file target_8.cif (mmCIF, C-alpha atoms)
data_upload
#
loop_
_atom_site.group_PDB
_atom_site.id
_atom_site.type_symbol
_atom_site.label_atom_id
_atom_site.label_comp_id
_atom_site.auth_asym_id
_atom_site.auth_seq_id
_atom_site.Cartn_x
_atom_site.Cartn_y
_atom_site.Cartn_z
ATOM 1 C CA MET J 1 -6.967 -28.163 -13.186
ATOM 2 C CA ARG J 2 -3.851 -27.483 -11.120
ATOM 3 C CA PHE J 3 -3.778 -23.935 -12.556
ATOM 4 C CA LEU J 4 -7.312 -23.280 -11.331
ATOM 5 C CA GLY J 5 -6.564 -24.801 -7.923
ATOM 6 C CA GLN J 6 -3.464 -22.659 -7.499
ATOM 7 C CA LEU J 7 -5.247 -19.520 -8.648
ATOM 8 C CA LEU J 8 -8.191 -20.041 -6.297
ATOM 9 C CA ALA J 9 -5.865 -20.727 -3.374
ATOM 10 C CA VAL J 10 -3.728 -17.625 -3.829
ATOM 11 C CA VAL J 11 -6.766 -15.411 -4.540
ATOM 12 C CA ALA J 12 -8.333 -16.648 -1.297
ATOM 13 C CA ALA J 13 -5.097 -15.839 0.556
ATOM 14 C CA TRP J 14 -5.081 -12.428 -1.181
ATOM 15 C CA ALA J 15 -8.626 -11.697 0.006
ATOM 16 C CA ILE J 16 -7.984 -12.848 3.572
ATOM 17 C CA GLY J 17 -4.661 -11.037 3.780
ATOM 18 C CA GLY J 18 -6.100 -7.826 2.361
ATOM 19 C CA THR J 19 -8.913 -7.895 4.895
ATOM 20 C CA LEU J 20 -6.460 -8.429 7.741
ATOM 21 C CA ALA J 21 -4.077 -5.713 6.604
ATOM 22 C CA THR J 22 -6.769 -3.042 6.274
ATOM 23 C CA ALA J 23 -8.947 -3.993 9.249
ATOM 24 C CA VAL J 24 -6.913 -2.032 11.799
ATOM 25 C CA ALA J 25 -6.213 1.199 9.945
ATOM 26 C CA ASP J 26 -5.976 3.250 13.138
ATOM 27 C CA GLN J 27 -3.475 0.993 14.886
ATOM 28 C CA TRP J 28 -0.096 1.235 13.186
ATOM 29 C CA ALA J 29 1.617 -1.604 15.078
ATOM 30 C CA LEU J 30 -1.176 -4.058 14.329
ATOM 31 C CA GLN J 31 -1.298 -2.946 10.718
ATOM 32 C CA LEU J 32 2.439 -3.559 10.368
ATOM 33 C CA VAL J 33 2.200 -6.992 11.988
ATOM 34 C CA LEU J 34 -0.929 -8.024 10.083
ATOM 35 C CA GLY J 35 0.525 -6.758 6.827
ATOM 36 C CA LEU J 36 3.595 -8.949 7.320
ATOM 37 C CA ALA J 37 1.299 -11.820 8.327
ATOM 38 C CA ALA J 38 -0.721 -11.354 5.137
ATOM 39 C CA ALA J 39 2.499 -11.536 3.106
ATOM 40 C CA ALA J 40 3.530 -14.722 4.908
ATOM 41 C CA LEU J 41 0.068 -16.197 4.308
ATOM 42 C CA ALA J 42 0.292 -15.528 0.579
ATOM 43 C CA LEU J 43 3.780 -16.999 0.274
ATOM 44 C CA GLY J 44 2.922 -20.002 2.419
ATOM 45 C CA THR J 45 -0.261 -20.674 0.466
ATOM 46 C CA TYR J 46 1.594 -20.565 -2.841
ATOM 47 C CA ALA J 47 4.316 -22.911 -1.595
ATOM 48 C CA TRP J 48 1.720 -25.315 -0.184
ATOM 49 C CA VAL J 49 -0.512 -25.400 -3.258
ATOM 50 C CA VAL J 50 2.433 -25.915 -5.641
ATOM 51 C CA ARG J 51 3.629 -28.871 -3.561
ATOM 52 C CA ARG J 52 0.093 -30.251 -3.405
ATOM 53 C CA THR J 53 -0.857 -29.873 -7.082
ATOM 54 C CA GLU J 54 2.499 -30.278 -8.841
ATOM 55 C CA ARG J 55 4.226 -32.684 -6.448
ATOM 56 C CA ARG J 56 7.393 -30.588 -6.411
ATOM 57 C CA SER J 57 9.166 -27.982 -4.362
ATOM 58 C CA PRO J 58 8.362 -24.366 -5.363
ATOM 59 C CA VAL J 59 11.845 -23.491 -6.592
ATOM 60 C CA ASP J 60 10.790 -19.946 -7.508
ATOM 61 C CA LEU J 61 10.085 -19.341 -3.827
ATOM 62 C CA ALA J 62 13.007 -21.285 -2.351
ATOM 63 C CA LEU J 63 14.205 -19.940 0.990
ATOM 64 C CA THR J 64 17.822 -20.788 0.211
ATOM 65 C CA GLY J 65 19.381 -17.705 -1.325
ATOM 66 C CA ALA J 66 16.193 -15.663 -0.916
ATOM 67 C CA ILE J 67 17.644 -12.800 1.124
ATOM 68 C CA ARG J 68 19.938 -11.372 -1.547
ATOM 69 C CA PRO J 69 17.348 -10.939 -4.348
ATOM 70 C CA LEU J 70 14.720 -9.742 -1.870
ATOM 71 C CA VAL J 71 17.043 -7.093 -0.436
ATOM 72 C CA ARG J 72 18.349 -6.082 -3.857
ATOM 73 C CA GLY J 73 14.836 -5.903 -5.228
ATOM 74 C CA THR J 74 13.608 -3.793 -2.316
ATOM 75 C CA ALA J 75 16.576 -1.435 -2.576
ATOM 76 C CA GLY J 76 16.188 -1.292 -6.352
ATOM 77 C CA GLY J 77 12.484 -0.493 -6.141
ATOM 78 C CA MET J 78 13.131 2.286 -3.639
ATOM 79 C CA LEU J 79 15.977 3.764 -5.670
ATOM 80 C CA LEU J 80 13.904 3.632 -8.840
ATOM 81 C CA PHE J 81 11.128 5.615 -7.166
ATOM 82 C CA VAL J 82 13.661 8.077 -5.708
ATOM 83 C CA ALA J 83 14.928 8.704 -9.255
ATOM 84 C CA VAL J 84 11.385 9.140 -10.586
ATOM 85 C CA ILE J 85 10.188 11.490 -7.832
ATOM 86 C CA GLY J 86 13.484 13.397 -8.053
ATOM 87 C CA ILE J 87 12.895 14.115 -11.746
ATOM 88 C CA ILE J 88 9.261 15.046 -11.105
ATOM 89 C CA ALA J 89 10.364 17.397 -8.297
ATOM 90 C CA ALA J 90 13.078 18.949 -10.456
ATOM 91 C CA LEU J 91 10.392 19.727 -13.052
ATOM 92 C CA GLY J 92 8.279 21.426 -10.383
ATOM 93 C CA ALA J 93 5.524 18.813 -10.004
ATOM 94 C CA TYR J 94 6.356 17.524 -6.489
ATOM 95 C CA ARG J 95 7.151 19.326 -3.258
ATOM 96 C CA VAL J 96 7.431 18.482 0.433
ATOM 97 C CA GLU J 97 5.182 20.557 2.698
ATOM 98 C CA GLY J 98 6.318 19.095 5.995
ATOM 99 C CA TRP J 99 6.797 15.964 8.043
ATOM 100 C CA GLY J 100 4.310 13.165 8.189
ATOM 101 C CA SER J 101 4.399 10.316 10.698
ATOM 102 C CA VAL J 102 6.935 7.601 11.422
ATOM 103 C CA THR J 103 4.238 5.299 12.759
ATOM 104 C CA THR J 104 2.114 5.759 9.642
ATOM 105 C CA ALA J 105 5.170 4.961 7.536
ATOM 106 C CA LEU J 106 5.619 1.704 9.454
ATOM 107 C CA ALA J 107 1.960 0.823 8.919
ATOM 108 C CA LEU J 108 2.415 1.490 5.202
ATOM 109 C CA LEU J 109 5.419 -0.855 5.219
ATOM 110 C CA GLY J 110 3.074 -3.623 6.351
ATOM 111 C CA LEU J 111 0.625 -2.794 3.559
ATOM 112 C CA ALA J 112 3.445 -2.708 1.002
ATOM 113 C CA ALA J 113 4.641 -6.156 2.107
ATOM 114 C CA ALA J 114 1.121 -7.590 1.895
ATOM 115 C CA ALA J 115 0.403 -6.110 -1.536
ATOM 116 C CA SER J 116 3.726 -7.136 -3.071
ATOM 117 C CA ALA J 117 3.617 -10.731 -1.837
ATOM 118 C CA THR J 118 -0.033 -11.416 -2.671
ATOM 119 C CA GLU J 119 0.038 -9.775 -6.089
ATOM 120 C CA GLU J 120 3.329 -11.328 -7.162
ATOM 121 C CA VAL J 121 2.377 -14.919 -6.294
ATOM 122 C CA ALA J 122 -0.930 -14.440 -8.141
ATOM 123 C CA PHE J 123 0.283 -12.650 -11.264
ATOM 124 C CA ARG J 124 3.816 -13.938 -11.689
ATOM 125 C CA GLY J 125 3.858 -17.190 -9.684
ATOM 126 C CA VAL J 126 0.597 -18.579 -11.037
ATOM 127 C CA LEU J 127 -0.686 -16.642 -14.076
ATOM 128 C CA LEU J 128 2.554 -15.847 -15.888
ATOM 129 C CA ARG J 129 4.143 -19.207 -15.182
ATOM 130 C CA HIS J 130 1.198 -21.240 -16.450
ATOM 131 C CA LEU J 131 0.432 -18.994 -19.434
ATOM 132 C CA GLU J 132 4.058 -19.164 -20.508
ATOM 133 C CA SER J 133 3.766 -22.838 -21.370
ATOM 134 C CA ARG J 134 0.877 -22.028 -23.731
ATOM 135 C CA THR J 135 1.758 -18.629 -25.174
ATOM 136 C CA GLY J 136 5.526 -18.373 -24.696
ATOM 137 C CA THR J 137 7.212 -15.766 -22.539
ATOM 138 C CA TRP J 138 6.229 -12.713 -24.588
ATOM 139 C CA GLY J 139 2.578 -13.684 -24.780
ATOM 140 C CA ALA J 140 2.389 -14.454 -21.061
ATOM 141 C CA LEU J 141 4.139 -11.187 -20.229
ATOM 142 C CA ALA J 142 1.686 -9.203 -22.354
ATOM 143 C CA VAL J 143 -1.450 -10.882 -20.982
ATOM 144 C CA THR J 144 -0.461 -10.732 -17.310
ATOM 145 C CA SER J 145 0.670 -7.109 -17.622
ATOM 146 C CA VAL J 146 -2.685 -6.059 -19.086
ATOM 147 C CA LEU J 147 -4.538 -7.966 -16.359
ATOM 148 C CA PHE J 148 -2.312 -6.393 -13.707
ATOM 149 C CA GLY J 149 -3.149 -2.935 -15.000
ATOM 150 C CA ALA J 150 -6.848 -3.781 -15.264
ATOM 151 C CA VAL J 151 -7.243 -4.795 -11.610
ATOM 152 C CA HIS J 152 -6.037 -1.323 -10.616
ATOM 153 C CA LEU J 153 -9.124 0.147 -12.287
ATOM 154 C CA THR J 154 -11.032 -0.737 -9.111
ATOM 155 C CA ASN J 155 -8.987 1.725 -7.027
ATOM 156 C CA PRO J 156 -10.722 4.923 -5.818
ATOM 157 C CA ALA J 157 -8.944 7.404 -8.117
ATOM 158 C CA ALA J 158 -8.339 4.983 -10.974
ATOM 159 C CA THR J 159 -8.173 6.210 -14.564
ATOM 160 C CA ALA J 160 -7.727 4.468 -17.891
ATOM 161 C CA TRP J 161 -4.336 6.122 -18.306
ATOM 162 C CA GLY J 162 -3.317 5.111 -14.786
ATOM 163 C CA ALA J 163 -4.142 1.471 -15.520
ATOM 164 C CA THR J 164 -2.233 1.701 -18.805
ATOM 165 C CA ALA J 165 0.770 3.158 -16.995
ATOM 166 C CA ILE J 166 0.655 0.332 -14.434
ATOM 167 C CA THR J 167 0.503 -2.178 -17.293
ATOM 168 C CA ILE J 168 3.689 -0.797 -18.834
ATOM 169 C CA GLU J 169 5.834 0.246 -15.887
ATOM 170 C CA ALA J 170 4.825 -2.389 -13.317
ATOM 171 C CA GLY J 171 3.223 -5.334 -15.087
ATOM 172 C CA LEU J 172 6.005 -5.605 -17.655
ATOM 173 C CA MET J 173 8.821 -4.721 -15.252
ATOM 174 C CA LEU J 174 7.795 -7.141 -12.500
ATOM 175 C CA GLY J 175 7.118 -9.895 -15.016
ATOM 176 C CA ALA J 176 10.539 -9.298 -16.558
ATOM 177 C CA ALA J 177 12.129 -9.532 -13.106
ATOM 178 C CA TYR J 178 10.525 -12.938 -12.663
ATOM 179 C CA VAL J 179 11.587 -14.171 -16.105
ATOM 180 C CA ALA J 180 15.160 -12.920 -15.657
ATOM 181 C CA THR J 181 15.665 -14.721 -12.345
ATOM 182 C CA ARG J 182 12.951 -17.437 -12.383
ATOM 183 C CA SER J 183 12.377 -16.409 -8.785
ATOM 184 C CA LEU J 184 9.589 -14.490 -7.057
ATOM 185 C CA TRP J 185 11.928 -12.799 -4.601
ATOM 186 C CA LEU J 186 13.226 -10.092 -6.934
ATOM 187 C CA PRO J 187 9.780 -8.943 -8.170
ATOM 188 C CA ILE J 188 8.412 -9.045 -4.624
ATOM 189 C CA GLY J 189 11.292 -6.842 -3.485
ATOM 190 C CA LEU J 190 10.925 -4.406 -6.402
ATOM 191 C CA HIS J 191 7.186 -4.145 -5.812
ATOM 192 C CA MET J 192 7.532 -3.615 -2.062
ATOM 193 C CA GLY J 193 10.402 -1.144 -2.330
ATOM 194 C CA TRP J 194 8.566 0.993 -4.889
ATOM 195 C CA ASN J 195 5.280 1.049 -2.937
ATOM 196 C CA PHE J 196 6.953 1.814 0.374
ATOM 197 C CA ALA J 197 9.065 4.612 -1.080
ATOM 198 C CA ALA J 198 6.021 6.143 -2.778
ATOM 199 C CA ALA J 199 3.685 6.113 0.216
ATOM 200 C CA GLY J 200 5.803 5.391 3.280
ATOM 201 C CA ILE J 201 8.631 7.824 2.549
ATOM 202 C CA PHE J 202 7.525 10.460 0.035
ATOM 203 C CA GLY J 203 3.843 10.563 0.994
ATOM 204 C CA THR J 204 2.420 10.236 -2.513
ATOM 205 C CA GLU J 205 -0.587 8.316 -3.757
ATOM 206 C CA VAL J 206 -0.040 4.705 -4.804
ATOM 207 C CA SER J 207 -2.182 3.617 -7.775
ATOM 208 C CA GLY J 208 -5.022 5.973 -6.800
ATOM 209 C CA ASN J 209 -5.554 4.291 -3.433
ATOM 210 C CA ASP J 210 -6.065 7.448 -1.332
ATOM 211 C CA THR J 211 -2.923 6.548 0.630
ATOM 212 C CA ALA J 212 -2.206 8.046 4.049
ATOM 213 C CA THR J 213 0.720 10.456 4.468
ATOM 214 C CA GLY J 214 3.952 8.633 5.239
ATOM 215 C CA LEU J 215 7.238 9.971 6.560
ATOM 216 C CA LEU J 216 6.948 13.121 4.436
ATOM 217 C CA ASP J 217 3.889 15.204 3.605
ATOM 218 C CA GLY J 218 4.390 15.232 -0.144
ATOM 219 C CA VAL J 219 2.213 16.992 -2.706
ATOM 220 C CA THR J 220 2.138 16.584 -6.483
ATOM 221 C CA SER J 221 0.821 19.280 -8.806
ATOM 222 C CA GLY J 222 0.939 20.412 -12.408
ATOM 223 C CA PRO J 223 0.119 18.516 -15.611
ATOM 224 C CA THR J 224 -1.236 15.018 -14.965
ATOM 225 C CA LEU J 225 1.116 13.514 -17.531
ATOM 226 C CA LEU J 226 4.033 14.746 -15.433
ATOM 227 C CA SER J 227 2.708 14.492 -11.847
ATOM 228 C CA GLY J 228 0.343 11.542 -12.292
ATOM 229 C CA GLY J 229 -2.555 13.530 -10.847
ATOM 230 C CA ALA J 230 -4.830 11.876 -8.276
ATOM 231 C CA PHE J 231 -3.577 8.433 -9.336
ATOM 232 C CA GLY J 232 -0.092 9.270 -8.062
ATOM 233 C CA PRO J 233 3.370 9.376 -9.687
ATOM 234 C CA GLU J 234 2.810 5.929 -11.212
ATOM 235 C CA ALA J 235 0.680 7.697 -13.832
ATOM 236 C CA SER J 236 3.575 10.022 -14.670
ATOM 237 C CA ILE J 237 5.347 9.616 -17.985
ATOM 238 C CA VAL J 238 8.575 9.693 -15.956
ATOM 239 C CA ALA J 239 7.593 6.517 -14.082
ATOM 240 C CA VAL J 240 6.413 4.820 -17.265
ATOM 241 C CA THR J 241 9.730 5.554 -18.967
ATOM 242 C CA ALA J 242 11.760 4.355 -15.971
ATOM 243 C CA GLY J 243 9.789 1.109 -15.731
ATOM 244 C CA LEU J 244 10.102 0.472 -19.448
ATOM 245 C CA VAL J 245 13.870 1.005 -19.393
ATOM 246 C CA LEU J 246 14.293 -1.463 -16.519
ATOM 247 C CA THR J 247 12.036 -3.942 -18.331
ATOM 248 C CA ILE J 248 14.319 -3.837 -21.368
ATOM 249 C CA VAL J 249 17.393 -4.396 -19.172
ATOM 250 C CA LEU J 250 15.782 -7.341 -17.377
ATOM 251 C CA MET J 251 14.581 -8.963 -20.602
ATOM 252 C CA ARG J 252 18.085 -8.698 -22.048
ATOM 253 C CA VAL J 253 19.323 -10.543 -18.949
ATOM 254 C CA ALA J 254 16.580 -13.143 -19.412
ATOM 255 C CA HIS J 255 17.549 -13.632 -23.066
ATOM 256 C CA ARG J 256 21.224 -14.013 -22.195
ATOM 257 C CA ARG J 257 20.369 -16.675 -19.622
ATOM 258 C CA GLY J 258 18.129 -18.591 -21.998
ATOM 259 C CA HIS J 259 15.011 -17.931 -19.932
ATOM 260 C CA ILE J 260 12.800 -16.849 -22.838
ATOM 261 C CA VAL J 261 10.272 -19.567 -23.722
ATOM 262 C CA PRO J 262 9.226 -19.381 -27.392
ATOM 263 C CA LEU J 263 5.640 -19.771 -28.530
ATOM 264 C CA PRO J 264 5.350 -23.561 -28.483
ATOM 265 C CA ARG J 265 3.814 -25.719 -31.144
ATOM 266 C CA ARG J 266 1.019 -27.934 -29.908
ATOM 267 C CA ALA J 267 3.303 -30.965 -29.780
ATOM 268 C CA ASP J 268 5.878 -29.018 -27.783
ATOM 269 C CA ARG J 269 3.609 -27.627 -25.076
ATOM 270 C CA ARG J 270 4.415 -30.374 -22.617
ATOM 271 C CA THR J 271 8.118 -29.626 -22.987
ATOM 272 C CA ALA J 272 7.540 -25.882 -22.543
ATOM 273 C CA ASP J 273 5.517 -26.560 -19.425
ATOM 274 C CA ARG J 274 8.387 -28.575 -18.004
ATOM 275 C CA VAL J 275 10.852 -25.763 -18.761
ATOM 276 C CA THR J 276 8.823 -23.089 -16.975
ATOM 277 C CA THR J 277 7.947 -25.345 -14.044
ATOM 278 C CA ASP J 278 11.109 -27.305 -13.369
ATOM 279 C CA GLN J 279 13.749 -24.917 -14.644
ATOM 280 C CA ALA J 280 17.126 -24.802 -12.935
ATOM 281 C CA ALA J 281 17.352 -23.136 -9.547
ATOM 282 C CA PRO J 282 16.512 -19.416 -9.579
ATOM 283 C CA THR J 283 19.381 -17.061 -10.304
ATOM 284 C CA THR J 284 20.179 -13.551 -9.172
ATOM 285 C CA LEU J 285 21.212 -10.618 -11.303
ATOM 286 C CA SER J 286 24.772 -10.961 -10.089
ATOM 287 C CA SER J 287 25.301 -14.405 -11.596
#

call {"tool": "encode", "arguments": {"input": "target_8.cif", "output": "structure tokens"}}
result
Amino acid sequence: MRFLGQLLAVVAAWAIGGTLATAVADQWALQLVLGLAAAALALGTYAWVVRRTERRSPVDLALTGAIRPLVRGTAGGMLLFVAVIGIIAALGAYRVEGWGSVTTALALLGLAAAASATEEVAFRGVLLRHLESRTGTWGALAVTSVLFGAVHLTNPAATAWGATAITIEAGLMLGAAYVATRSLWLPIGLHMGWNFAAAGIFGTEVSGNDTATGLLDGVTSGPTLLSGGAFGPEASIVAVTAGLVLTIVLMRVAHRRGHIVPLPRRADRRTADRVTTDQAAPTTLSS
């Protein structure tokens, strides 16, 4: 019952935040502010509903020590996309045709913040965490990654391959970031950094969303498997490979820290639930 309550609460915050963030598309300052407000709404809703339904502090969203993983995640997500788009450009499938708009880039920063916060609390904070106590870490990672890819099928230029690519490079990677640190801050940062670099800096499509041109007027061309086509570079085999490599690294960290929850026997499910819910304070990749 608490799972359903948490899911409904964060989905409601997701819907409200998404409406706010996209309601003022022609006013960059408002879009930036409302995007950040939507992110705060999602995080605040998650913290509130966890306290209300589980009678505990949401340790995976603790403010103490939040800045370092958030900053590292954001920088890491941006650098990962820089590496991906650099390889795609070197292979002739991306070029810059001119400058875009600084104000549009700032508006896209607001959208990136809203999307990363709302999606991470829903998929990693609620779905992965609760599934883990029933299916173990690997089962929860697989299910939430597939669901994460599936929701992107509703985007304007969505394709089956694009959703599959999102499942592998984003669903698995972001879930692994959560498992490795038992904190939402690193996956939120990775998600936001990647999205902002893709749209806000390099002016490419993000998950087939018909994204506005950011700081640069970037154009992809050539084979879809390399460029990602209308879906954007996330459907490129380069991005899929990069996301998969980082997933492997993060899961090795999670294994070393003892964060992998095995598939529990029926009698052990209560214990597994306690491990995933009340685990020691979140850690960063530097510890």

call {"tool": "atom_distance", "arguments": {"input": "target_8.cif", "atom1": "atom CA of Glu234 of chain J", "atom2": "atom CA of Ile67 of chain J"}}
result
26.9 Å

call {"tool": "closest_residue", "arguments": {"input": "target_8.cif", "among": "J:Pro264, J:Gly189, J:Gly208, J:Gly200", "to": "Val71 of chain J", "atoms": "all atoms listed in the file"}}
result
J:Gly189

call {"tool": "resolve_selection", "arguments": {"input": "target_8.cif", "expression": "the PyMOL selection byres ((chain J and resi 120) around 9)", "output": "PDB file with C-alpha atoms, keeping the file's coordinate frame"}}
result
ATOM      1  CA  ALA J 115       0.403  -6.110  -1.536  1.00  0.00           C
ATOM      2  CA  SER J 116       3.726  -7.136  -3.071  1.00  0.00           C
ATOM      3  CA  ALA J 117       3.617 -10.731  -1.837  1.00  0.00           C
ATOM      4  CA  THR J 118      -0.033 -11.416  -2.671  1.00  0.00           C
ATOM      5  CA  GLU J 119       0.038  -9.775  -6.089  1.00  0.00           C
ATOM      6  CA  VAL J 121       2.377 -14.919  -6.294  1.00  0.00           C
ATOM      7  CA  ALA J 122      -0.930 -14.440  -8.141  1.00  0.00           C
ATOM      8  CA  PHE J 123       0.283 -12.650 -11.264  1.00  0.00           C
ATOM      9  CA  ARG J 124       3.816 -13.938 -11.689  1.00  0.00           C
ATOM     10  CA  GLY J 125       3.858 -17.190  -9.684  1.00  0.00           C
ATOM     11  CA  VAL J 126       0.597 -18.579 -11.037  1.00  0.00           C
ATOM     12  CA  LEU J 174       7.795  -7.141 -12.500  1.00  0.00           C
ATOM     13  CA  GLY J 175       7.118  -9.895 -15.016  1.00  0.00           C
ATOM     14  CA  LEU J 184       9.589 -14.490  -7.057  1.00  0.00           C
ATOM     15  CA  PRO J 187       9.780  -8.943  -8.170  1.00  0.00           C
ATOM     16  CA  ILE J 188       8.412  -9.045  -4.624  1.00  0.00           C
ATOM     17  CA  HIS J 191       7.186  -4.145  -5.812  1.00  0.00           C
TER      18      HIS J 191
END

call {"tool": "residues_near_point", "arguments": {"input": "target_8.cif", "point": "(13.0, 14.8, -12.6)", "cutoff": "12 Å", "atoms": "all atoms listed in the file", "output": "JSON, numbers by chain"}}
result
{"J": [80, 81, 82, 83, 84, 85, 86, 87, 88, 89, 90, 91, 92, 93, 94, 95, 226, 227, 233, 236, 237, 238, 239, 241, 242]}

call {"tool": "resolve_selection", "arguments": {"input": "target_8.cif", "expression": "the PyMOL selection byres ((chain J and resi 160) around 12)", "output": "ChimeraX atom specification"}}
result
/J:146,149-155,157-159,161-167,207-208,231,235

call {"tool": "closest_residue", "arguments": {"input": "target_8.cif", "among": "J:Gly73, J:Gly110, J:Pro223, J:Gly136", "to": "Met173 of chain J", "atoms": "all atoms listed in the file"}}
result
J:Gly73

call {"tool": "resolve_selection", "arguments": {"input": "target_8.cif", "expression": "the PyMOL selection byres ((chain J and resi 140) around 12)", "output": "PyMOL selection string"}}
result
chain J and resi 123-139+141-148+171-172+175-176+178-179+260-263+276

call {"tool": "write_last_selection", "arguments": {"input": "target_8.cif", "atoms": "C-alpha atoms", "output": "mmCIF file, keeping the file's coordinate frame"}}
result
data_model
loop_
_atom_site.group_PDB
_atom_site.id
_atom_site.type_symbol
_atom_site.label_atom_id
_atom_site.label_comp_id
_atom_site.auth_asym_id
_atom_site.auth_seq_id
_atom_site.Cartn_x
_atom_site.Cartn_y
_atom_site.Cartn_z
ATOM 1 C CA PHE J 123 0.283 -12.650 -11.264
ATOM 2 C CA ARG J 124 3.816 -13.938 -11.689
ATOM 3 C CA GLY J 125 3.858 -17.190 -9.684
ATOM 4 C CA VAL J 126 0.597 -18.579 -11.037
ATOM 5 C CA LEU J 127 -0.686 -16.642 -14.076
ATOM 6 C CA LEU J 128 2.554 -15.847 -15.888
ATOM 7 C CA ARG J 129 4.143 -19.207 -15.182
ATOM 8 C CA HIS J 130 1.198 -21.240 -16.450
ATOM 9 C CA LEU J 131 0.432 -18.994 -19.434
ATOM 10 C CA GLU J 132 4.058 -19.164 -20.508
ATOM 11 C CA SER J 133 3.766 -22.838 -21.370
ATOM 12 C CA ARG J 134 0.877 -22.028 -23.731
ATOM 13 C CA THR J 135 1.758 -18.629 -25.174
ATOM 14 C CA GLY J 136 5.526 -18.373 -24.696
ATOM 15 C CA THR J 137 7.212 -15.766 -22.539
ATOM 16 C CA TRP J 138 6.229 -12.713 -24.588
ATOM 17 C CA GLY J 139 2.578 -13.684 -24.780
ATOM 18 C CA LEU J 141 4.139 -11.187 -20.229
ATOM 19 C CA ALA J 142 1.686 -9.203 -22.354
ATOM 20 C CA VAL J 143 -1.450 -10.882 -20.982
ATOM 21 C CA THR J 144 -0.461 -10.732 -17.310
ATOM 22 C CA SER J 145 0.670 -7.109 -17.622
ATOM 23 C CA VAL J 146 -2.685 -6.059 -19.086
ATOM 24 C CA LEU J 147 -4.538 -7.966 -16.359
ATOM 25 C CA PHE J 148 -2.312 -6.393 -13.707
ATOM 26 C CA GLY J 171 3.223 -5.334 -15.087
ATOM 27 C CA LEU J 172 6.005 -5.605 -17.655
ATOM 28 C CA GLY J 175 7.118 -9.895 -15.016
ATOM 29 C CA ALA J 176 10.539 -9.298 -16.558
ATOM 30 C CA TYR J 178 10.525 -12.938 -12.663
ATOM 31 C CA VAL J 179 11.587 -14.171 -16.105
ATOM 32 C CA ILE J 260 12.800 -16.849 -22.838
ATOM 33 C CA VAL J 261 10.272 -19.567 -23.722
ATOM 34 C CA PRO J 262 9.226 -19.381 -27.392
ATOM 35 C CA LEU J 263 5.640 -19.771 -28.530
ATOM 36 C CA THR J 276 8.823 -23.089 -16.975
#

call {"tool": "residues_around", "arguments": {"input": "target_8.cif", "residues": "Leu36 of chain J", "least_positions_apart": "5", "cutoff": "9 Å", "atoms": "only C-alpha atoms", "output": "list in words"}}
result
Ala21, Gln31, Leu41, Leu109, Gly110, Leu111, Ala112, Ala113 and Ala114 of chain J

call {"tool": "atom_distance", "arguments": {"input": "target_8.cif", "atom1": "atom CA of Met192 of chain J", "atom2": "atom CA of Ala75 of chain J"}}
result
9.3 Å

call {"tool": "atom_distance", "arguments": {"input": "target_8.cif", "atom1": "atom CA of Thr103 of chain J", "atom2": "atom CA of Gly243 of chain J"}}
result
29.3 Å

call {"tool": "residues_around", "arguments": {"input": "target_8.cif", "residues": "segment 60-66 of chain J", "least_positions_apart": "5", "cutoff": "7 Å", "atoms": "all atoms listed in the file", "output": "list in words"}}
result
Arg182, Ser183, Leu184, Trp185 and Pro282 of chain J

call {"tool": "axis_aligned_box", "arguments": {"input": "target_8.cif", "around": "segment 21-37 of chain J", "padding_each_side": "5 Å", "output": "JSON"}}
result
{"center_x": -2.7, "center_y": -4.3, "center_z": 10.7, "size_x": 22.5, "size_y": 25.1, "size_z": 18.8}

call {"tool": "closest_residue", "arguments": {"input": "target_8.cif", "among": "J:Asp210, J:Ala107, J:Ala199, J:Leu225", "to": "Val24 of chain J", "atoms": "only C-alpha atoms"}}
result
J:Ala107

call {"tool": "residues_around", "arguments": {"input": "target_8.cif", "residues": "Gly214 of chain J", "least_positions_apart": "6", "cutoff": "8 Å", "atoms": "all atoms listed in the file", "output": "list in words"}}
result
Gly100, Ser101, Val102, Thr104, Ala105, Leu108, Ala199, Gly200, Ile201, Phe202 and Gly203 of chain J

call {"tool": "residues_around", "arguments": {"input": "target_8.cif", "residues": "segment 43-50 of chain J", "least_positions_apart": "5", "cutoff": "7 Å", "atoms": "only C-alpha atoms", "output": "ChimeraX atom specification"}}
result
/J:6,9-10,13,56,58,117,121

call {"tool": "closest_residue", "arguments": {"input": "target_8.cif", "among": "J:Thr204, J:Ser221, J:Thr211, J:Thr22", "to": "Gly35 of chain J", "atoms": "all atoms listed in the file"}}
result
J:Thr22

call {"tool": "residues_around", "arguments": {"input": "target_8.cif", "residues": "Leu186 of chain J", "least_positions_apart": "6", "cutoff": "8 Å", "atoms": "only C-alpha atoms", "output": "list in words"}}
result
Pro69, Leu70, Arg72, Gly73, Thr74, Ala177 and Tyr178 of chain J

call {"tool": "write_last_selection", "arguments": {"input": "target_8.cif", "atoms": "C-alpha atoms", "output": "short mmCIF file (atom, residue, chain, number, x, y, z; two decimals), in the frame of the given file"}}
result
data_model
loop_
_atom_site.label_atom_id
_atom_site.label_comp_id
_atom_site.auth_asym_id
_atom_site.auth_seq_id
_atom_site.Cartn_x
_atom_site.Cartn_y
_atom_site.Cartn_z
CA PRO J 69 17.35 -10.94 -4.35
CA LEU J 70 14.72 -9.74 -1.87
CA ARG J 72 18.35 -6.08 -3.86
CA GLY J 73 14.84 -5.90 -5.23
CA THR J 74 13.61 -3.79 -2.32
CA ALA J 177 12.13 -9.53 -13.11
CA TYR J 178 10.52 -12.94 -12.66
#
